$ cat final_20.csv   # CSV, C-alpha atoms and all ligand atoms
chain,number,residue,atom,x,y,z
A,151,MET,CA,167.1,107.8,169.4
A,152,ASN,CA,163.4,107.0,170.2
A,153,GLN,CA,161.9,110.0,171.9
A,154,HIS,CA,160.6,108.1,174.9
A,155,LEU,CA,163.9,106.5,175.5
A,156,GLN,CA,165.6,110.0,175.0
A,157,LYS,CA,163.4,111.4,177.8
A,158,ILE,CA,164.3,108.6,180.2
A,159,PHE,CA,168.0,109.1,179.1
A,160,ASP,CA,167.9,112.9,179.9
A,161,LEU,CA,166.1,112.3,183.2
A,162,ILE,CA,168.7,109.8,184.4
A,163,GLN,CA,171.5,112.1,183.4
A,164,GLN,CA,170.0,115.1,185.3
A,165,THR,CA,169.0,113.3,188.5
A,166,ASP,CA,171.2,112.9,191.7
A,167,THR,CA,169.4,109.8,192.8
A,168,PHE,CA,171.9,107.4,191.1
A,169,SER,CA,175.6,107.1,191.6
A,170,GLU,CA,177.8,107.7,188.5
A,171,GLU,CA,178.4,104.0,188.2
A,172,GLU,CA,174.6,103.3,188.3
A,173,LYS,CA,174.0,106.0,185.8
A,174,THR,CA,176.5,104.5,183.3
A,175,SER,CA,175.0,101.1,183.7
A,176,LEU,CA,171.4,102.4,183.2
A,177,LEU,CA,172.4,104.5,180.2
A,178,LYS,CA,174.1,101.4,178.6
A,179,ALA,CA,170.9,99.4,179.1
A,180,ILE,CA,168.9,102.2,177.4
A,181,LYS,CA,171.3,102.2,174.5
A,182,SER,CA,171.0,98.4,174.2
A,183,ALA,CA,167.2,98.7,174.3
A,184,GLU,CA,167.3,101.4,171.6
A,185,ASN,CA,169.4,99.0,169.5
A,186,ASP,CA,166.9,96.1,169.9
A,187,LEU,CA,164.0,98.5,169.1
A,188,MET,CA,165.7,99.6,165.9
A,189,ILE,CA,166.3,95.9,164.8
A,190,SER,CA,162.6,95.1,165.6
A,191,GLU,CA,161.4,98.1,163.6
A,192,PHE,CA,163.6,97.1,160.7
A,193,LYS,CA,162.3,93.5,160.8
A,194,LEU,CA,158.7,94.7,161.0
A,195,GLU,CA,159.2,96.9,158.0
A,196,ARG,CA,160.8,94.0,156.0
A,197,THR,CA,157.9,91.7,156.9
A,198,GLU,CA,155.4,94.4,155.8
A,199,LYS,CA,157.3,94.6,152.5
A,200,VAL,CA,157.2,90.8,152.0
A,201,LYS,CA,153.5,90.8,152.8
A,202,ARG,CA,152.8,93.5,150.2
A,203,THR,CA,154.9,91.7,147.5
A,204,THR,CA,153.2,88.4,148.3
A,205,ALA,CA,149.8,90.0,148.0
A,206,ILE,CA,150.7,91.4,144.6
A,207,LEU,CA,152.1,88.1,143.5
A,208,LEU,CA,149.0,86.3,144.7
A,209,GLU,CA,146.8,88.6,142.8
A,210,GLU,CA,148.8,88.1,139.6
A,211,THR,CA,148.7,84.3,140.1
A,212,ILE,CA,144.9,84.4,140.5
A,213,GLU,CA,144.6,86.4,137.4
A,214,GLU,CA,146.8,84.0,135.4
A,215,LEU,CA,144.9,81.0,136.7
A,216,GLU,CA,141.6,82.7,135.7
A,217,GLN,CA,143.0,83.2,132.2
A,218,LYS,CA,144.2,79.6,132.0
A,219,ARG,CA,140.7,78.4,133.1
A,220,LYS,CA,139.2,80.5,130.4
A,221,SER,CA,141.4,79.1,127.7
A,222,ILE,CA,140.8,75.6,128.9
A,223,GLU,CA,137.1,76.2,128.7
A,224,GLU,CA,137.5,77.5,125.2
A,225,ALA,CA,139.6,74.6,124.1
A,226,ASN,CA,137.0,72.2,125.6
A,227,GLN,CA,134.3,73.9,123.6
A,228,ALA,CA,136.3,73.6,120.4
A,229,LEU,CA,137.0,70.0,121.2
A,230,SER,CA,133.4,69.0,121.7
A,231,LYS,CA,132.5,70.8,118.6
A,232,SER,CA,135.0,68.9,116.5
A,233,LEU,CA,133.9,65.7,118.2
A,234,GLU,CA,130.4,66.3,117.0
A,235,GLU,CA,131.6,67.1,113.5
A,236,LEU,CA,133.7,63.9,113.6
A,237,LYS,CA,130.7,61.8,114.6
A,238,ALA,CA,128.6,63.4,111.9
A,239,THR,CA,131.3,62.7,109.3
A,240,GLN,CA,131.7,59.1,110.5
A,241,SER,CA,128.0,58.3,110.2
A,242,GLN,CA,128.0,59.9,106.7
A,243,LEU,CA,131.0,57.7,105.8
A,244,ILE,CA,129.3,54.6,107.2
A,245,GLN,CA,126.2,55.4,105.1
A,246,SER,CA,128.3,56.0,102.0
A,247,GLU,CA,130.2,52.8,102.6
A,248,LYS,CA,126.8,51.0,102.7
A,249,MET,CA,125.9,52.7,99.4
A,250,ALA,CA,129.3,51.8,97.9
A,251,SER,CA,128.9,48.1,98.8
A,252,LEU,CA,125.4,48.2,97.4
A,253,GLY,CA,126.9,49.4,94.2
A,254,GLU,CA,129.3,46.5,94.2
A,255,LEU,CA,126.4,44.2,94.9
A,256,THR,CA,124.2,45.5,92.1
A,257,ALA,CA,125.8,43.2,89.5
A,258,GLY,CA,125.4,40.2,91.8
A,259,ILE,CA,121.9,41.1,92.5
A,260,ALA,CA,121.0,41.5,88.8
A,261,HIS,CA,122.5,38.1,88.3
A,262,GLU,CA,120.5,36.6,91.2
A,263,ILE,CA,117.2,38.2,90.0
A,264,GLN,CA,117.8,37.1,86.4
A,265,ASN,CA,117.6,33.4,87.5
A,266,PRO,CA,114.2,33.5,89.0
A,267,LEU,CA,113.0,35.8,86.2
A,268,ASN,CA,114.1,33.2,83.6
A,269,PHE,CA,112.1,30.6,85.4
A,270,VAL,CA,109.1,32.8,85.6
A,271,ASN,CA,109.3,33.7,81.9
A,272,ASN,CA,109.9,30.1,80.8
A,273,PHE,CA,107.2,28.5,82.9
A,274,SER,CA,104.6,31.1,82.0
A,275,GLU,CA,105.4,30.5,78.3
A,276,VAL,CA,105.2,26.7,78.7
A,277,SER,CA,102.0,27.0,80.7
A,278,ASN,CA,100.4,29.1,78.0
A,279,GLU,CA,101.2,26.4,75.4
A,280,LEU,CA,99.8,23.8,77.9
A,281,ILE,CA,96.5,25.6,78.1
A,282,ASP,CA,96.1,25.4,74.3
A,283,GLU,CA,96.9,21.7,74.5
A,284,MET,CA,94.4,21.3,77.3
A,285,LYS,CA,91.7,23.0,75.3
A,286,GLU,CA,92.4,20.7,72.3
A,287,GLU,CA,92.0,17.6,74.6
A,288,PHE,CA,88.7,19.0,75.9
A,289,GLU,CA,87.5,19.4,72.3
A,290,LYS,CA,88.6,15.8,71.5
A,291,GLY,CA,86.7,14.8,74.6
A,292,ASP,CA,89.8,13.3,76.3
A,293,LYS,CA,89.0,14.5,79.8
A,294,GLU,CA,91.7,12.4,81.5
A,295,GLU,CA,94.5,13.9,79.4
A,296,ALA,CA,93.0,17.4,79.9
A,297,PHE,CA,93.2,16.9,83.7
A,298,ALA,CA,96.8,15.6,83.5
A,299,ILE,CA,97.7,18.8,81.6
A,300,ALA,CA,95.9,20.9,84.2
A,301,ASP,CA,98.0,19.2,86.9
A,302,ASP,CA,101.2,20.2,85.0
A,303,ILE,CA,99.9,23.8,84.7
A,304,LYS,CA,99.3,23.8,88.4
A,305,GLN,CA,102.8,22.6,89.1
A,306,ASN,CA,104.2,25.3,86.8
A,307,LEU,CA,102.2,28.0,88.5
A,308,GLU,CA,103.6,26.8,91.8
A,309,LYS,CA,107.1,27.2,90.4
A,310,ILE,CA,106.4,30.6,89.1
A,311,TYR,CA,105.1,31.6,92.5
A,312,HIS,CA,108.2,30.2,94.2
A,313,HIS,CA,110.6,32.0,91.9
A,314,GLY,CA,108.6,35.2,92.0
A,315,LYS,CA,108.9,35.0,95.8
A,316,ARG,CA,112.6,34.5,95.6
A,317,ALA,CA,113.1,37.6,93.4
A,318,ASP,CA,110.9,39.5,95.9
A,319,ALA,CA,113.2,38.4,98.7
A,320,ILE,CA,116.3,39.5,96.8
A,321,VAL,CA,114.8,42.9,96.1
A,322,LYS,CA,113.8,43.3,99.8
A,323,GLY,CA,117.2,42.3,101.0
A,324,MET,CA,118.7,44.9,98.6
A,325,LEU,CA,116.5,47.6,100.0
A,326,GLN,CA,117.3,46.6,103.6
A,327,HIS,CA,121.0,46.7,102.8
A,328,SER,CA,120.8,50.3,101.7
A,329,ARG,CA,118.6,51.5,104.6
A,330,SER,CA,120.2,52.9,107.7
A,331,SER,CA,117.4,52.0,110.1
A,332,ILE,CA,118.0,49.4,112.9
A,333,GLY,CA,116.9,46.0,111.8
A,334,VAL,CA,114.9,43.5,113.8
A,335,LYS,CA,116.1,40.1,114.9
A,336,GLU,CA,114.2,37.2,113.3
A,337,PRO,CA,114.7,33.4,113.1
A,338,THR,CA,117.0,33.1,110.1
A,339,ASP,CA,118.2,30.1,108.1
A,340,MET,CA,121.9,30.7,108.5
A,341,ASN,CA,123.0,28.3,105.8
A,342,ALA,CA,120.6,29.9,103.2
A,343,LEU,CA,121.9,33.3,104.3
A,344,CYS,CA,125.6,32.3,103.8
A,345,ASP,CA,124.8,30.6,100.5
A,346,GLU,CA,122.9,33.7,99.2
A,347,TYR,CA,125.7,36.2,100.2
A,348,LEU,CA,128.4,33.9,98.9
A,349,ARG,CA,126.8,33.9,95.5
A,350,LEU,CA,126.1,37.6,95.6
A,351,ALA,CA,129.7,38.4,96.4
A,352,TYR,CA,131.0,36.0,93.7
A,353,HIS,CA,128.8,37.2,90.9
A,354,GLY,CA,129.4,40.8,92.0
A,355,LEU,CA,133.1,40.3,91.6
A,356,ARG,CA,132.8,38.4,88.4
A,357,ALA,CA,130.7,41.2,86.9
A,358,LYS,CA,133.5,43.6,87.6
A,359,ASP,CA,136.4,41.4,86.6
A,360,LYS,CA,135.6,38.7,84.1
A,361,SER,CA,139.0,37.0,84.6
A,362,PHE,CA,138.3,36.4,88.3
A,363,ASN,CA,137.8,32.8,89.2
A,364,ALA,CA,137.9,30.9,92.5
A,365,THR,CA,136.8,27.6,93.7
A,366,LEU,CA,133.8,28.0,96.1
A,367,ASN,CA,133.4,25.3,98.8
A,368,THR,CA,130.6,25.1,101.2
A,369,ASP,CA,130.2,22.8,104.1
A,370,PHE,CA,126.9,23.5,105.9
A,371,ASP,CA,125.8,21.9,109.1
A,372,THR,CA,122.1,21.1,108.5
A,373,SER,CA,121.5,20.6,112.2
A,374,ILE,CA,121.8,24.3,112.9
A,375,GLY,CA,118.2,25.2,112.5
A,376,ASN,CA,117.1,28.9,112.7
A,377,VAL,CA,119.3,31.4,114.4
A,378,ASN,CA,117.8,34.6,115.9
A,379,VAL,CA,119.6,37.5,114.1
A,380,VAL,CA,119.1,40.6,112.0
A,381,PRO,CA,119.5,38.9,108.7
A,382,GLN,CA,120.6,41.9,106.6
A,383,ASP,CA,123.2,42.8,109.3
A,384,ILE,CA,124.7,39.3,109.6
A,385,GLY,CA,124.4,39.1,105.8
A,386,ARG,CA,126.6,42.2,105.6
A,387,VAL,CA,129.2,40.6,107.8
A,388,ILE,CA,129.3,37.5,105.7
A,389,LEU,CA,129.5,39.6,102.6
A,390,ASN,CA,132.4,41.6,104.0
A,391,LEU,CA,134.3,38.5,105.0
A,392,ILE,CA,133.7,36.8,101.7
A,393,THR,CA,134.6,39.9,99.6
A,394,ASN,CA,137.9,40.2,101.6
A,395,ALA,CA,138.6,36.5,101.1
A,396,PHE,CA,138.0,36.8,97.3
A,397,TYR,CA,140.2,39.9,97.2
A,398,ALA,CA,143.0,38.1,99.1
A,399,VAL,CA,143.0,35.0,96.9
A,400,ASN,CA,142.8,37.1,93.7
A,401,GLU,CA,145.7,39.2,94.8
A,402,ARG,CA,147.8,36.2,95.5
A,403,LYS,CA,147.0,34.8,92.1
A,404,THR,CA,147.6,38.0,90.1
A,405,ILE,CA,150.6,39.2,92.0
A,406,ALA,CA,152.5,36.2,93.3
A,407,GLN,CA,151.9,32.8,91.7
A,408,THR,CA,150.0,32.1,88.5
A,409,ASP,CA,149.6,28.4,89.2
A,410,HIS,CA,147.9,29.2,92.5
A,411,GLU,CA,144.4,27.7,92.8
A,412,PRO,CA,142.3,30.4,94.6
A,413,ALA,CA,139.7,28.8,96.9
A,414,VAL,CA,137.2,30.2,99.4
A,415,THR,CA,135.4,27.9,101.9
A,416,VAL,CA,132.4,28.8,103.9
A,417,THR,CA,131.6,26.4,106.8
A,418,THR,CA,128.8,26.4,109.3
A,419,ARG,CA,128.9,24.4,112.5
A,420,LYS,CA,126.7,24.0,115.6
A,421,ILE,CA,128.8,23.8,118.7
A,422,GLY,CA,126.7,23.6,121.9
A,423,ASN,CA,124.3,26.5,122.0
A,424,LYS,CA,126.4,28.4,119.5
A,425,VAL,CA,126.7,28.6,115.8
A,426,GLU,CA,130.0,29.0,114.1
A,427,ILE,CA,130.4,30.5,110.6
A,428,SER,CA,133.9,30.3,109.1
A,429,VAL,CA,135.1,32.0,106.0
A,430,LYS,CA,138.5,30.6,105.0
A,431,ASP,CA,140.7,31.5,102.1
A,432,ASN,CA,144.1,30.4,100.7
A,433,GLY,CA,145.2,34.0,100.0
A,434,ASN,CA,148.4,35.7,101.2
A,435,GLY,CA,147.5,35.8,104.8
A,436,ILE,CA,147.7,38.8,107.2
A,437,PRO,CA,151.2,39.9,108.3
A,438,GLU,CA,151.7,39.8,112.1
A,439,LYS,CA,152.3,43.6,112.4
A,440,VAL,CA,149.0,44.3,110.6
A,441,LYS,CA,146.8,41.8,112.5
A,442,ASP,CA,146.3,44.1,115.5
A,443,LYS,CA,144.9,46.8,113.2
A,444,ILE,CA,142.5,45.1,110.9
A,445,PHE,CA,139.4,45.7,113.1
A,446,GLN,CA,140.2,49.4,113.4
A,447,PRO,CA,137.9,51.7,111.5
A,448,PHE,CA,139.5,53.0,108.3
A,449,PHE,CA,142.4,50.6,108.4
A,450,THR,CA,143.0,49.3,104.9
A,451,THR,CA,146.0,48.0,102.9
A,452,LYS,CA,144.0,48.3,99.6
A,453,PRO,CA,145.2,51.0,97.2
A,454,THR,CA,143.7,54.4,97.7
A,455,GLY,CA,140.1,54.6,96.5
A,456,GLN,CA,139.6,50.9,96.6
A,457,GLY,CA,138.7,50.2,100.2
A,458,THR,CA,137.3,52.3,103.0
A,459,GLY,CA,138.7,50.0,105.7
A,460,LEU,CA,135.3,49.9,107.4
A,461,GLY,CA,134.3,46.4,106.4
A,462,LEU,CA,135.8,44.6,109.3
A,463,SER,CA,135.2,47.3,111.9
A,464,LEU,CA,131.5,47.3,111.0
A,465,SER,CA,131.4,43.5,111.0
A,466,TYR,CA,133.0,43.4,114.4
A,467,ASP,CA,130.4,45.9,115.8
A,468,ILE,CA,127.5,43.9,114.2
A,469,VAL,CA,128.7,40.6,115.7
A,470,LYS,CA,129.2,42.2,119.1
A,471,ALA,CA,125.7,43.7,119.0
A,472,HIS,CA,124.5,40.1,118.5
A,473,GLY,CA,126.3,39.0,121.6
A,474,GLY,CA,128.8,37.0,119.5
A,475,GLU,CA,132.5,37.2,118.7
A,476,LEU,CA,134.5,37.6,115.5
A,477,ASN,CA,138.0,36.1,115.5
A,478,VAL,CA,140.8,35.7,112.9
A,479,VAL,CA,143.4,33.1,112.4
A,480,SER,CA,145.9,33.8,109.7
A,481,GLU,CA,149.3,32.5,108.5
A,482,GLU,CA,151.4,34.6,106.1
A,483,GLY,CA,151.7,32.9,102.7
A,484,ALA,CA,149.1,30.2,103.6
A,485,GLY,CA,145.7,31.9,104.1
A,486,THR,CA,143.2,33.4,106.5
A,487,GLU,CA,140.2,32.2,108.4
A,488,PHE,CA,137.6,34.5,110.0
A,489,ILE,CA,135.3,32.8,112.5
A,490,ILE,CA,132.0,34.3,113.6
A,491,ARG,CA,130.4,32.7,116.8
A,492,LEU,CA,126.8,33.6,117.6
A,493,PRO,CA,124.5,32.4,120.3
A,494,ILE,CA,121.6,30.4,119.0
A,495,MET,CA,119.1,31.3,121.8
N,1,LIG,N1,141.0,37.5,104.1
N,1,LIG,C1,142.0,38.4,104.2
N,1,LIG,N2,143.3,38.1,103.9
N,1,LIG,C2,144.3,39.0,104.0
N,1,LIG,N3,144.1,40.3,104.5
N,1,LIG,C3,142.9,40.6,104.9
N,1,LIG,C4,141.7,39.7,104.8
N,1,LIG,N4,140.7,40.3,105.3
N,1,LIG,C5,141.1,41.6,105.7
N,1,LIG,N5,142.4,41.7,105.5
N,1,LIG,C6,143.2,43.0,105.8
N,1,LIG,O1,142.4,43.8,106.7
N,1,LIG,C7,142.2,45.1,106.1
N,1,LIG,C8,140.9,45.7,106.6
N,1,LIG,O2,139.8,45.0,106.0
N,1,LIG,P1,138.4,45.7,105.9
N,1,LIG,O3,137.5,44.7,105.3
N,1,LIG,O4,138.1,46.4,107.2
N,1,LIG,O5,138.7,46.9,104.9
N,1,LIG,P2,139.1,46.8,103.3
N,1,LIG,O6,138.7,45.4,102.8
N,1,LIG,O7,140.5,47.2,103.1
N,1,LIG,O8,138.1,47.9,102.7
N,1,LIG,P3,136.6,47.7,102.4
N,1,LIG,O9,136.0,46.6,103.2
N,1,LIG,O10,136.0,49.0,102.7
N,1,LIG,O11,136.5,47.4,100.9
N,1,LIG,C9,142.4,44.9,104.6
N,1,LIG,O12,142.8,46.0,103.9
N,1,LIG,C10,143.5,43.8,104.6
N,1,LIG,O13,144.7,44.3,104.8
N,2,MG,MG,136.7,44.6,103.3

$ encode --input "final_20.csv" --output "structure tokens"
Amino acid sequence: MNQHLQKIFDLIQQTDTFSEEEKTSLLKAIKSAENDLMISEFKLERTEKVKRTTAILLEETIEELEQKRKSIEEANQALSKSLEELKATQSQLIQSEKMASLGELTAGIAHEIQNPLNFVNNFSEVSNELIDEMKEEFEKGDKEEAFAIADDIKQNLEKIYHHGKRADAIVKGMLQHSRSSIGVKEPTDMNALCDEYLRLAYHGLRAKDKSFNATLNTDFDTSIGNVNVVPQDIGRVILNLITNAFYAVNERKTIAQTDHEPAVTVTTRKIGNKVEISVKDNGNGIPEKVKDKIFQPFFTTKPTGQGTGLGLSLSYDIVKAHGGELNVVSEEGAGTEFIIRLPIM
């Protein structure tokens, strides 16, 4: 028994102040108090125990949380490192894709440069002969004829200059194509740009595959005027679309039907303050389940090693950067049409 209660208990028992009955009642009350006290002590002890265990648990949880925070931080660092690596790889890939398409273009470019070069060579040869003739006329004293020949020579020199300029523009375009710098927007003759890249793509393909043939149709709206674009970028888009179209018609011809007449049509239209460039083919079309993916980077259905799958994704980005849109309409077994819409401004 608790020592204070014990003292009270002894005192009550020894004293004569209380009757026997009162004593029994008082002692009963003391025993009951002793009982309550014991229960309270027990409860207190239990609460203390719970407190101690909780404190330990709390400490452990805090430690665990700290460890988790650390590993999340580490994972985060690793993640941002691989993101950086991914970005670097992607820009390398984009650059090498540009170089690869430049390689594809080389044959087309060679063909394009050959034409103006032929003109330059032929007209300089003819002009050389004309100068001899002019000299003869001077010796004969036929001044009038000599002047007429001089006029011819002047015309020839103008042609030489014109074709020289053209070769110059082709080489410049080629250099711009391989450069990774950001181009500058300039007023551009959209029809001429389409025509140029259509021929580059066609001759590029023909140089690789002599059996390749397709009907090329163009329907250019001459009312378009100049459009403010980065010519080498929009040229790239047109080239990508035309190359895809040629690939599609060729695939249909070689794999499916031999009597199929491959055709690619490039159309330009002015609609309000927008210009619309459409590249349409009569190839196999794009299956519905593939349509959602074609603008994703690296998506390709070409055999491994043949396509990077970056053509359409880059094209989409370029058109977006010009404030325009790039859409596709395709029907399986019938063909595909890609439509670029650009603001004229
Ligand atoms: N005119 C088209 N007809 C049918 N399918 C097309 C056409 N254009 C694109 N596609 C589909 O979209 C895919 C992605 O085209 P994208 O130009 O991005 O890459 P790619 O042509 O496969 O490769 P790369 O352009 O690098 O040579 C193609 O693999 C093809 O499945
Ligand atoms: Mg492509």

$ closest_residue --input "final_20.csv" --among "A:Ser274, A:Gln245, A:Thr372, A:Gln456" --to "A:Tyr311" --atoms "all atoms listed in the file"
A:Ser274

$ residues_near_ligand --input "final_20.csv" --ligand "ligand MG 2 (chain N)" --cutoff "6 Å" --atoms "all atoms listed in the file" --output "VMD selection string"
chain A and resid 390 394 461

$ closest_residue --input "final_20.csv" --among "A:Asn376, A:Asn477, A:Gln156, A:Gln446" --to "A:Ser463" --atoms "all atoms listed in the file"
A:Gln446

$ closest_residue --input "final_20.csv" --among "A:Ser465, A:Thr450, A:Ser373, A:Thr204" --to "A:Ile392" --atoms "all atoms listed in the file"
A:Ser465

$ atom_distance --input "final_20.csv" --atom1 "atom CA of A:Gly422" --atom2 "atom CA of A:Ile490"
14.5 Å
